[in-house]
$ cat query16.tsv   # TSV, C-alpha atoms and all ligand atoms
chain	number	residue	atom	x	y	z
A	271	MET	CA	0.00	0.00	0.00
A	272	LYS	CA	1.15	3.54	-0.74
A	273	ASP	CA	1.32	6.13	2.08
A	274	ILE	CA	-2.11	7.78	2.18
A	275	LEU	CA	-0.60	11.05	3.39
A	276	THR	CA	0.87	11.38	-0.12
A	277	ALA	CA	-2.52	10.80	-1.81
A	278	PRO	CA	-3.57	13.79	-3.97
A	279	PHE	CA	-7.05	13.87	-2.40
A	280	ILE	CA	-5.64	14.09	1.15
A	281	LYS	CA	-3.05	16.70	0.20
A	282	GLU	CA	-5.70	18.79	-1.54
A	283	MET	CA	-8.06	18.60	1.46
A	284	ALA	CA	-5.19	19.76	3.70
A	285	GLU	CA	-4.27	22.62	1.37
A	286	THR	CA	-7.87	23.74	0.93
A	287	THR	CA	-8.76	23.75	4.63
A	288	ALA	CA	-5.52	25.64	5.39
A	289	ASN	CA	-6.38	28.26	2.76
A	290	MET	CA	-9.89	28.67	4.10
A	291	TYR	CA	-8.60	29.02	7.66
A	292	ARG	CA	-6.07	31.68	6.63
A	293	LEU	CA	-8.75	33.61	4.77
A	294	GLY	CA	-10.59	33.85	8.10
A	295	TRP	CA	-13.58	31.92	6.83
A	296	ASP	CA	-13.34	28.97	9.22
A	297	GLU	CA	-12.76	29.98	12.80
A	298	ARG	CA	-12.43	27.27	15.46
A	299	ASN	CA	-14.39	24.23	14.19
A	300	GLY	CA	-16.36	26.28	11.65
A	301	GLY	CA	-16.83	24.77	8.21
A	302	ASN	CA	-16.82	21.28	6.80
A	303	ILE	CA	-16.00	19.61	3.48
A	304	SER	CA	-16.90	16.31	1.86
A	305	CYS	CA	-15.46	15.02	-1.39
A	306	LEU	CA	-16.65	12.00	-3.34
A	307	LEU	CA	-13.82	9.55	-4.14
A	308	THR	CA	-13.63	6.60	-6.50
A	309	GLU	CA	-12.47	3.10	-5.52
A	310	GLU	CA	-9.67	3.45	-8.09
A	311	GLU	CA	-8.42	6.60	-6.37
A	312	VAL	CA	-8.52	5.16	-2.86
A	313	SER	CA	-7.55	1.48	-3.31
A	314	PRO	CA	-3.77	2.09	-3.77
A	315	TYR	CA	-3.74	3.61	-0.25
A	316	ILE	CA	-6.18	1.67	1.94
A	317	ASP	CA	-7.74	-1.78	2.11
A	318	LEU	CA	-11.38	-1.23	1.15
A	319	ASP	CA	-12.37	-4.49	2.89
A	320	LYS	CA	-11.11	-3.33	6.30
A	321	VAL	CA	-13.83	-1.41	8.16
A	322	ILE	CA	-12.52	0.28	11.33
A	323	ARG	CA	-15.91	1.29	12.77
A	324	VAL	CA	-19.54	1.52	11.65
A	325	ILE	CA	-21.20	4.83	12.56
A	326	PRO	CA	-24.98	5.37	12.18
A	327	ILE	CA	-25.83	8.45	10.11
A	328	GLY	CA	-29.39	9.05	11.34
A	329	PHE	CA	-31.10	9.39	7.97
A	330	ASP	CA	-31.67	7.38	4.81
A	331	GLY	CA	-28.54	7.63	2.67
A	332	SER	CA	-29.45	4.70	0.41
A	333	GLU	CA	-29.19	6.86	-2.73
A	334	LEU	CA	-25.45	7.02	-2.01
A	335	ALA	CA	-24.96	3.39	-0.88
A	336	GLY	CA	-21.44	2.16	-1.58
A	337	LYS	CA	-20.06	5.62	-2.31
A	338	LEU	CA	-16.78	6.74	-0.75
A	339	PHE	CA	-16.15	10.18	0.71
A	340	VAL	CA	-13.36	11.99	2.49
A	341	VAL	CA	-15.06	14.16	5.15
A	342	THR	CA	-13.79	16.63	7.75
A	343	GLY	CA	-14.36	15.56	11.36
A	344	THR	CA	-16.87	16.99	13.81
A	345	GLY	CA	-15.40	19.49	16.26
A	346	LYS	CA	-12.15	19.55	14.29
A	347	TYR	CA	-10.40	22.77	13.28
A	348	PHE	CA	-9.54	23.54	9.63
A	349	LYS	CA	-6.39	25.09	11.09
A	350	ASN	CA	-5.16	21.62	12.13
A	351	VAL	CA	-5.93	19.42	9.11
A	352	GLU	CA	-2.57	20.03	7.43
A	353	LYS	CA	-0.51	18.93	10.44
A	354	ASP	CA	-2.65	15.87	11.31
A	355	PRO	CA	-4.90	14.68	8.47
A	356	GLU	CA	-5.53	11.28	10.07
A	357	THR	CA	-7.20	12.80	13.16
A	358	ASN	CA	-9.08	15.62	11.41
A	359	LEU	CA	-10.31	13.78	8.31
A	360	GLY	CA	-11.98	10.43	7.69
A	361	ILE	CA	-12.73	8.25	4.68
A	362	ILE	CA	-16.18	6.73	4.89
A	363	ARG	CA	-18.28	4.44	2.71
A	364	ILE	CA	-22.07	4.59	2.90
A	365	SER	CA	-23.34	1.13	3.90
A	366	SER	CA	-25.42	-0.94	1.48
A	367	ASP	CA	-28.62	-0.25	3.50
A	368	GLY	CA	-27.83	3.50	3.54
A	369	ASN	CA	-28.15	3.77	7.34
A	370	SER	CA	-24.53	4.07	8.36
A	371	ALA	CA	-21.05	5.12	7.42
A	372	GLU	CA	-18.24	2.54	7.37
A	373	LEU	CA	-15.05	4.21	8.54
A	374	LEU	CA	-12.12	3.04	6.40
A	375	TRP	CA	-9.46	5.53	7.51
A	376	GLY	CA	-9.03	8.52	9.82
A	377	TYR	CA	-10.87	10.03	12.83
A	378	LYS	CA	-7.91	8.48	14.65
A	379	ASP	CA	-8.91	9.85	18.07
A	380	GLY	CA	-12.26	8.05	17.97
A	381	GLY	CA	-14.01	10.99	16.31
A	382	ARG	CA	-16.62	11.04	13.61
A	383	PHE	CA	-17.73	12.98	10.56
A	384	THR	CA	-19.07	16.54	10.62
A	385	SER	CA	-22.38	17.22	12.34
A	386	GLU	CA	-23.52	18.60	8.98
A	387	LEU	CA	-23.36	15.19	7.27
A	388	PRO	CA	-27.11	15.31	6.45
A	389	ALA	CA	-26.69	18.55	4.44
A	390	HIS	CA	-23.58	17.17	2.77
A	391	LEU	CA	-24.94	13.79	1.73
A	392	MET	CA	-28.37	15.10	0.73
A	393	SER	CA	-26.66	17.84	-1.32
A	394	HIS	CA	-24.38	15.28	-2.99
A	395	ALA	CA	-27.44	13.25	-4.00
A	396	ALA	CA	-29.19	16.37	-5.37
A	397	ARG	CA	-26.19	17.59	-7.38
A	398	LEU	CA	-25.38	14.07	-8.69
A	399	SER	CA	-28.93	13.82	-10.02
A	400	LEU	CA	-28.10	16.86	-12.23
A	401	ASP	CA	-24.40	16.37	-12.91
A	402	LYS	CA	-22.57	13.02	-12.94
A	403	GLU	CA	-19.22	14.81	-12.56
A	404	HIS	CA	-20.25	16.45	-9.25
A	405	ARG	CA	-17.86	15.62	-6.37
A	406	VAL	CA	-17.56	18.29	-3.67
A	407	VAL	CA	-19.75	19.90	-1.00
A	408	MET	CA	-18.04	22.68	0.96
A	409	HIS	CA	-19.43	24.66	3.89
A	410	SER	CA	-17.81	27.79	5.31
A	411	HIS	CA	-18.43	31.00	7.30
A	412	PRO	CA	-16.90	33.72	5.08
A	413	THR	CA	-16.81	37.04	6.90
A	414	ASN	CA	-18.23	39.47	4.36
A	415	THR	CA	-20.90	37.06	3.17
A	416	LEU	CA	-22.08	36.80	6.77
A	417	ALA	CA	-21.87	40.56	7.28
A	418	MET	CA	-24.07	41.00	4.20
A	419	ASN	CA	-26.55	38.53	5.72
A	420	ARG	CA	-27.02	41.03	8.56
A	421	VAL	CA	-27.92	44.01	6.38
A	422	HIS	CA	-29.42	42.60	3.16
A	423	VAL	CA	-32.83	41.02	2.66
A	424	LEU	CA	-32.47	37.20	2.76
A	425	GLU	CA	-34.22	36.52	-0.51
A	426	GLU	CA	-32.38	34.73	-3.28
A	427	ARG	CA	-33.29	36.87	-6.29
A	428	ALA	CA	-32.52	40.15	-4.52
A	429	PHE	CA	-29.38	38.74	-2.88
A	430	THR	CA	-28.08	37.33	-6.16
A	431	ARG	CA	-28.75	40.61	-8.00
A	432	SER	CA	-26.83	42.59	-5.37
A	433	LEU	CA	-23.86	40.24	-5.79
A	434	TRP	CA	-24.02	40.24	-9.60
A	435	GLN	CA	-24.04	44.06	-9.62
A	436	THR	CA	-20.78	44.40	-7.67
A	437	CYS	CA	-18.41	43.18	-10.42
A	438	SER	CA	-18.44	41.64	-13.88
A	439	GLU	CA	-17.15	38.20	-12.83
A	440	CYS	CA	-20.17	37.27	-10.74
A	441	ILE	CA	-22.81	36.47	-13.34
A	442	ILE	CA	-20.20	34.53	-15.33
A	443	VAL	CA	-19.03	32.48	-12.32
A	444	PHE	CA	-22.45	31.84	-10.75
A	445	PRO	CA	-25.07	32.43	-13.46
A	446	ASP	CA	-27.39	30.07	-11.53
A	447	GLY	CA	-27.35	32.55	-8.62
A	448	VAL	CA	-27.26	31.77	-4.93
A	449	GLY	CA	-30.05	29.93	-3.14
A	450	VAL	CA	-30.90	31.43	0.25
A	451	LEU	CA	-32.35	29.64	3.28
A	452	PRO	CA	-33.70	31.56	6.26
A	453	TRP	CA	-31.92	31.11	9.57
A	454	MET	CA	-32.49	27.53	10.72
A	455	VAL	CA	-31.06	25.25	13.41
A	456	CYS	CA	-27.93	23.67	11.93
A	457	GLY	CA	-26.79	20.05	12.15
A	458	THR	CA	-30.29	18.66	11.55
A	459	ASN	CA	-31.90	16.51	8.86
A	460	GLU	CA	-34.38	19.39	8.27
A	461	ILE	CA	-31.70	21.87	7.24
A	462	GLY	CA	-30.12	19.08	5.18
A	463	GLU	CA	-33.36	18.50	3.28
A	464	ALA	CA	-33.92	22.24	2.74
A	465	THR	CA	-30.34	22.64	1.48
A	466	ALA	CA	-30.63	19.72	-0.93
A	467	GLN	CA	-33.88	21.18	-2.30
A	468	LYS	CA	-32.07	24.45	-3.07
A	469	MET	CA	-29.17	22.51	-4.60
A	470	LEU	CA	-31.52	21.35	-7.37
A	471	GLU	CA	-31.42	24.95	-8.66
A	472	HIS	CA	-28.16	26.41	-7.38
A	473	ARG	CA	-24.56	25.29	-6.78
A	474	LEU	CA	-24.33	27.84	-3.96
A	475	VAL	CA	-26.68	27.99	-0.99
A	476	ILE	CA	-26.54	30.55	1.81
A	477	TRP	CA	-27.64	29.49	5.28
A	478	GLY	CA	-29.08	32.74	6.66
A	479	ILE	CA	-26.82	34.30	9.32
A	480	HIS	CA	-24.71	31.13	9.45
A	481	GLY	CA	-22.66	30.53	6.31
A	482	ILE	CA	-22.56	29.24	2.77
A	483	TYR	CA	-22.45	25.95	0.88
A	484	GLY	CA	-20.62	25.62	-2.41
A	485	THR	CA	-20.49	22.56	-4.64
A	486	GLY	CA	-18.56	21.52	-7.71
A	487	ASN	CA	-16.65	18.93	-9.66
A	488	SER	CA	-13.47	19.66	-7.71
A	489	LEU	CA	-12.34	21.32	-4.50
A	490	ASP	CA	-11.06	24.20	-6.63
A	491	GLU	CA	-14.44	24.72	-8.26
A	492	ALA	CA	-16.42	24.71	-4.98
A	493	PHE	CA	-13.80	26.96	-3.38
A	494	GLY	CA	-13.80	29.32	-6.37
A	495	LEU	CA	-17.58	29.72	-6.20
A	496	ILE	CA	-17.50	30.64	-2.50
A	497	GLU	CA	-14.47	32.87	-3.05
A	498	THR	CA	-16.29	34.83	-5.76
A	499	VAL	CA	-19.39	35.33	-3.61
A	500	GLU	CA	-17.19	36.43	-0.71
A	501	LYS	CA	-15.34	38.93	-2.92
A	502	ALA	CA	-18.66	40.36	-4.14
A	503	ALA	CA	-19.99	40.52	-0.57
A	504	GLU	CA	-16.84	42.37	0.47
A	505	LEU	CA	-17.39	44.92	-2.31
A	506	TYR	CA	-21.03	45.23	-1.26
A	507	MET	CA	-20.10	45.82	2.38
A	508	LEU	CA	-17.38	48.33	1.46
A	509	THR	CA	-19.98	50.41	-0.37
A	510	ALA	CA	-23.31	49.63	1.35
A	511	HIS	CA	-23.20	52.83	3.42
A	512	LEU	CA	-22.16	55.06	0.50
A	513	PRO	CA	-24.30	56.54	-2.28
A	514	VAL	CA	-24.02	54.10	-5.18
A	515	ILE	CA	-23.43	56.08	-8.37
A	516	ASN	CA	-22.51	53.25	-10.75
A	517	THR	CA	-23.82	49.74	-11.18
A	518	ILE	CA	-24.01	47.05	-13.87
A	519	SER	CA	-27.43	47.36	-15.48
A	520	ASP	CA	-29.62	44.37	-16.25
A	521	ALA	CA	-28.97	44.86	-19.99
A	522	GLU	CA	-25.22	44.79	-19.29
A	523	LEU	CA	-25.54	41.68	-17.11
A	524	LYS	CA	-27.41	39.99	-19.97
A	525	ALA	CA	-24.70	41.06	-22.43
A	526	LEU	CA	-22.04	39.53	-20.16
A	527	ALA	CA	-23.95	36.25	-19.81
A	528	ASP	CA	-24.61	36.08	-23.55
A	529	THR	CA	-21.00	36.86	-24.47
A	530	PHE	CA	-19.64	34.18	-22.15
A	531	GLY	CA	-22.38	31.71	-23.08
A	532	VAL	CA	-23.55	30.97	-19.52
A	533	ALA	CA	-27.05	29.76	-18.69
A	534	TYR	CA	-28.12	32.48	-16.27
A	535	ARG	CA	-31.30	32.87	-14.23
A	536	LYS	CA	-33.30	34.94	-16.70
A	537	ASP	CA	-35.99	35.49	-14.07
A	538	TYR	CA	-33.40	37.28	-11.91
A	539	LEU	CA	-33.09	40.11	-14.46
A	540	ASP	CA	-35.77	42.68	-15.26
A	541	ILE	CA	-35.55	42.29	-19.03
B	1	LIG	O1	-18.90	22.24	11.84
B	1	LIG	O2	-19.77	24.96	10.61
B	1	LIG	O3	-22.31	24.29	10.66
B	1	LIG	C1	-19.14	23.50	12.29
B	1	LIG	C2	-20.12	24.17	11.44
B	1	LIG	C3	-21.51	23.80	11.65
B	2	ZN	ZN	-21.33	26.20	9.86

$ encode --input "query16.tsv" --output "structure tokens"
Amino acid sequence: MKDILTAPFIKEMAETTANMYRLGWDERNGGNISCLLTEEEVSPYIDLDKVIRVIPIGFDGSELAGKLFVVTGTGKYFKNVEKDPETNLGIIRISSDGNSAELLWGYKDGGRFTSELPAHLMSHAARLSLDKEHRVVMHSHPTNTLAMNRVHVLEERAFTRSLWQTCSECIIVFPDGVGVLPWMVCGTNEIGEATAQKMLEHRLVIWGIHGIYGTGNSLDEAFGLIETVEKAAELYMLTAHLPVINTISDAELKALADTFGVAYRKDYLDI
């Protein structure tokens, strides 16, 4: 077996969590990431027949039975993943009945997967139903996005428009807009179901006054989506108290989307 600490998927999880920590998005144990892995990717590093522990997941995950994920641990700090991946991450396989997670590697101190596993797994199922290449669900608490949650109406069309208007990149990067959930209790199956419902229309979902979820075919893609929203939210917050003299009009947003050939939410523009 090869040393799993040299596996590209572990190294990339460590790099990504370190980046997110240093950006100030993931204080203490804030944030969590799950990434779908293939047997071909994982089998050079671990014995897929050796289950360390079986951990109930508390909801029906049968849509994802047999699938492998690397998932950040509950209570663990993004700050610490790089120096000790085996304690802060785990590789799990959803059991054939969909009721539990088989731990194949990690959570070395007896830990378990993030408390937000319902939102992660339900979101994976939703995105996979639309895109076979989907792999990543990423949750974070980016500062400016959360600041904007305090002063902007929590409604997805209005919120998306405010982001799109801050800079040209936005409608090109997230033409599907951001879904927005009201404040809800986190860590529950209910917020997981509500998130997955939004994921059928958006790759980004804001949890009101809590944080954001981004998804994608790679860690880079999910990270890049959140990073672009956070940049736009920073621009919004830098100018929210000032008279706004210039904006990108709806006709200009349409011209951008048409030029770059992105399928944007037409109902989010007044055209
Ligand atoms: O894991 O971010 O939403 C800590 C959180 C919970
Ligand atoms: Zn959170």

$ closest_atom_pairs --input "query16.tsv" --of "chain A" --to "ligand ZN 2 (chain B)" --cutoff "9 Å" --atoms "all atoms listed in the file" --output "Markdown table"
| residue | atom | partner | partner_atom | distance |
| --- | --- | --- | --- | --- |
| A:Asp296 | CA | B:ZN2 | ZN | 8.5 |
| A:Asn299 | CA | B:ZN2 | ZN | 8.4 |
| A:Gly300 | CA | B:ZN2 | ZN | 5.3 |
| A:Gly301 | CA | B:ZN2 | ZN | 5.0 |
| A:Asn302 | CA | B:ZN2 | ZN | 7.3 |
| A:Glu386 | CA | B:ZN2 | ZN | 8.0 |
| A:His409 | CA | B:ZN2 | ZN | 6.5 |
| A:Ser410 | CA | B:ZN2 | ZN | 6.0 |
| A:His411 | CA | B:ZN2 | ZN | 6.2 |
| A:Cys456 | CA | B:ZN2 | ZN | 7.4 |
| A:Gly457 | CA | B:ZN2 | ZN | 8.5 |
| A:Trp477 | CA | B:ZN2 | ZN | 8.5 |
| A:His480 | CA | B:ZN2 | ZN | 6.0 |
| A:Gly481 | CA | B:ZN2 | ZN | 5.8 |
| A:Ile482 | CA | B:ZN2 | ZN | 7.8 |

$ residues_around --input "query16.tsv" --residues "Glu285 (chain A)" --least-positions-apart "6" --cutoff "12 Å" --atoms "all atoms listed in the file" --output "VMD selection string"
chain A and resid 278 to 279 291 to 292 348 to 353 355 489 to 490 493

$ residues_around --input "query16.tsv" --residues "region 530-539 of chain A" --least-positions-apart "2" --cutoff "12 Å" --atoms "only C-alpha atoms" --output "PyMOL selection string"
chain A and resi 425-435+438-449+471-472+518-528+541

$ residues_near_point --input "query16.tsv" --point "(-5.8, 9.2, 16.5)" --cutoff "12 Å" --atoms "only C-alpha atoms" --output "list in words"
Gly343, Asp354, Pro355, Glu356, Thr357, Asn358, Leu359, Gly360, Trp375, Gly376, Tyr377, Lys378, Asp379, Gly380, Gly381 and Arg382 of chain A

$ closest_residue --input "query16.tsv" --among "A:Ile325, A:Arg397, A:Trp453, A:Val406" --to "Leu373 (chain A)" --atoms "all atoms listed in the file"
A:Ile325

$ residues_near_point --input "query16.tsv" --point "(-12.1, 18.2, 3.5)" --cutoff "6 Å" --atoms "all atoms listed in the file" --output "PyMOL selection string"
chain A and resi 283+303-304+341-342

$ closest_residue --input "query16.tsv" --among "A:Glu297, A:Glu282, A:Asp401, A:Glu463" --to "ligand LIG 1 (chain B)" --atoms "only C-alpha atoms and all ligand atoms"
A:Glu297

$ atom_distance --input "query16.tsv" --atom1 "CA of Leu275 (chain A)" --atom2 "CA of Tyr315 (chain A)"
8.9 Å

$ closest_residue --input "query16.tsv" --among "A:Met290, A:Ile476, A:Val514, A:Ala466" --to "Leu451 (chain A)" --atoms "all atoms listed in the file"
A:Ile476

$ decode --input "query16.tsv" --residues "region 374-445 of chain A" --atoms "C-alpha atoms" --output "mmCIF file, in the first residue's frame"
data_model
loop_
_atom_site.group_PDB
_atom_site.id
_atom_site.type_symbol
_atom_site.label_atom_id
_atom_site.label_comp_id
_atom_site.auth_asym_id
_atom_site.auth_seq_id
_atom_site.Cartn_x
_atom_site.Cartn_y
_atom_site.Cartn_z
ATOM 1 C CA LEU A 374 -12.117 3.042 6.400
ATOM 2 C CA TRP A 375 -9.455 5.527 7.515
ATOM 3 C CA GLY A 376 -9.032 8.523 9.820
ATOM 4 C CA TYR A 377 -10.870 10.034 12.826
ATOM 5 C CA LYS A 378 -7.907 8.483 14.651
ATOM 6 C CA ASP A 379 -8.909 9.851 18.070
ATOM 7 C CA GLY A 380 -12.264 8.047 17.969
ATOM 8 C CA GLY A 381 -14.015 10.992 16.312
ATOM 9 C CA ARG A 382 -16.624 11.044 13.607
ATOM 10 C CA PHE A 383 -17.735 12.975 10.556
ATOM 11 C CA THR A 384 -19.069 16.540 10.616
ATOM 12 C CA SER A 385 -22.380 17.219 12.337
ATOM 13 C CA GLU A 386 -23.523 18.605 8.981
ATOM 14 C CA LEU A 387 -23.365 15.187 7.266
ATOM 15 C CA PRO A 388 -27.112 15.308 6.448
ATOM 16 C CA ALA A 389 -26.691 18.554 4.441
ATOM 17 C CA HIS A 390 -23.576 17.171 2.771
ATOM 18 C CA LEU A 391 -24.942 13.792 1.725
ATOM 19 C CA MET A 392 -28.372 15.095 0.726
ATOM 20 C CA SER A 393 -26.664 17.838 -1.319
ATOM 21 C CA HIS A 394 -24.383 15.280 -2.991
ATOM 22 C CA ALA A 395 -27.437 13.247 -3.997
ATOM 23 C CA ALA A 396 -29.186 16.365 -5.365
ATOM 24 C CA ARG A 397 -26.189 17.589 -7.381
ATOM 25 C CA LEU A 398 -25.383 14.068 -8.686
ATOM 26 C CA SER A 399 -28.935 13.824 -10.021
ATOM 27 C CA LEU A 400 -28.103 16.857 -12.234
ATOM 28 C CA ASP A 401 -24.396 16.368 -12.909
ATOM 29 C CA LYS A 402 -22.573 13.020 -12.943
ATOM 30 C CA GLU A 403 -19.222 14.808 -12.559
ATOM 31 C CA HIS A 404 -20.251 16.455 -9.249
ATOM 32 C CA ARG A 405 -17.863 15.620 -6.369
ATOM 33 C CA VAL A 406 -17.557 18.291 -3.673
ATOM 34 C CA VAL A 407 -19.754 19.902 -0.999
ATOM 35 C CA MET A 408 -18.041 22.675 0.958
ATOM 36 C CA HIS A 409 -19.427 24.656 3.893
ATOM 37 C CA SER A 410 -17.809 27.792 5.308
ATOM 38 C CA HIS A 411 -18.432 30.997 7.300
ATOM 39 C CA PRO A 412 -16.896 33.723 5.080
ATOM 40 C CA THR A 413 -16.813 37.043 6.901
ATOM 41 C CA ASN A 414 -18.232 39.471 4.358
ATOM 42 C CA THR A 415 -20.900 37.064 3.170
ATOM 43 C CA LEU A 416 -22.084 36.796 6.773
ATOM 44 C CA ALA A 417 -21.875 40.564 7.278
ATOM 45 C CA MET A 418 -24.066 41.003 4.202
ATOM 46 C CA ASN A 419 -26.551 38.530 5.723
ATOM 47 C CA ARG A 420 -27.025 41.030 8.557
ATOM 48 C CA VAL A 421 -27.918 44.005 6.380
ATOM 49 C CA HIS A 422 -29.415 42.595 3.163
ATOM 50 C CA VAL A 423 -32.831 41.025 2.664
ATOM 51 C CA LEU A 424 -32.467 37.202 2.765
ATOM 52 C CA GLU A 425 -34.221 36.519 -0.511
ATOM 53 C CA GLU A 426 -32.379 34.725 -3.278
ATOM 54 C CA ARG A 427 -33.294 36.867 -6.287
ATOM 55 C CA ALA A 428 -32.522 40.148 -4.518
ATOM 56 C CA PHE A 429 -29.384 38.743 -2.876
ATOM 57 C CA THR A 430 -28.077 37.326 -6.163
ATOM 58 C CA ARG A 431 -28.755 40.609 -7.998
ATOM 59 C CA SER A 432 -26.834 42.592 -5.371
ATOM 60 C CA LEU A 433 -23.859 40.237 -5.788
ATOM 61 C CA TRP A 434 -24.023 40.240 -9.602
ATOM 62 C CA GLN A 435 -24.040 44.062 -9.616
ATOM 63 C CA THR A 436 -20.777 44.401 -7.665
ATOM 64 C CA CYS A 437 -18.414 43.185 -10.418
ATOM 65 C CA SER A 438 -18.440 41.637 -13.883
ATOM 66 C CA GLU A 439 -17.148 38.196 -12.828
ATOM 67 C CA CYS A 440 -20.171 37.272 -10.740
ATOM 68 C CA ILE A 441 -22.814 36.465 -13.344
ATOM 69 C CA ILE A 442 -20.204 34.530 -15.331
ATOM 70 C CA VAL A 443 -19.032 32.484 -12.319
ATOM 71 C CA PHE A 444 -22.449 31.836 -10.748
ATOM 72 C CA PRO A 445 -25.066 32.432 -13.457
#
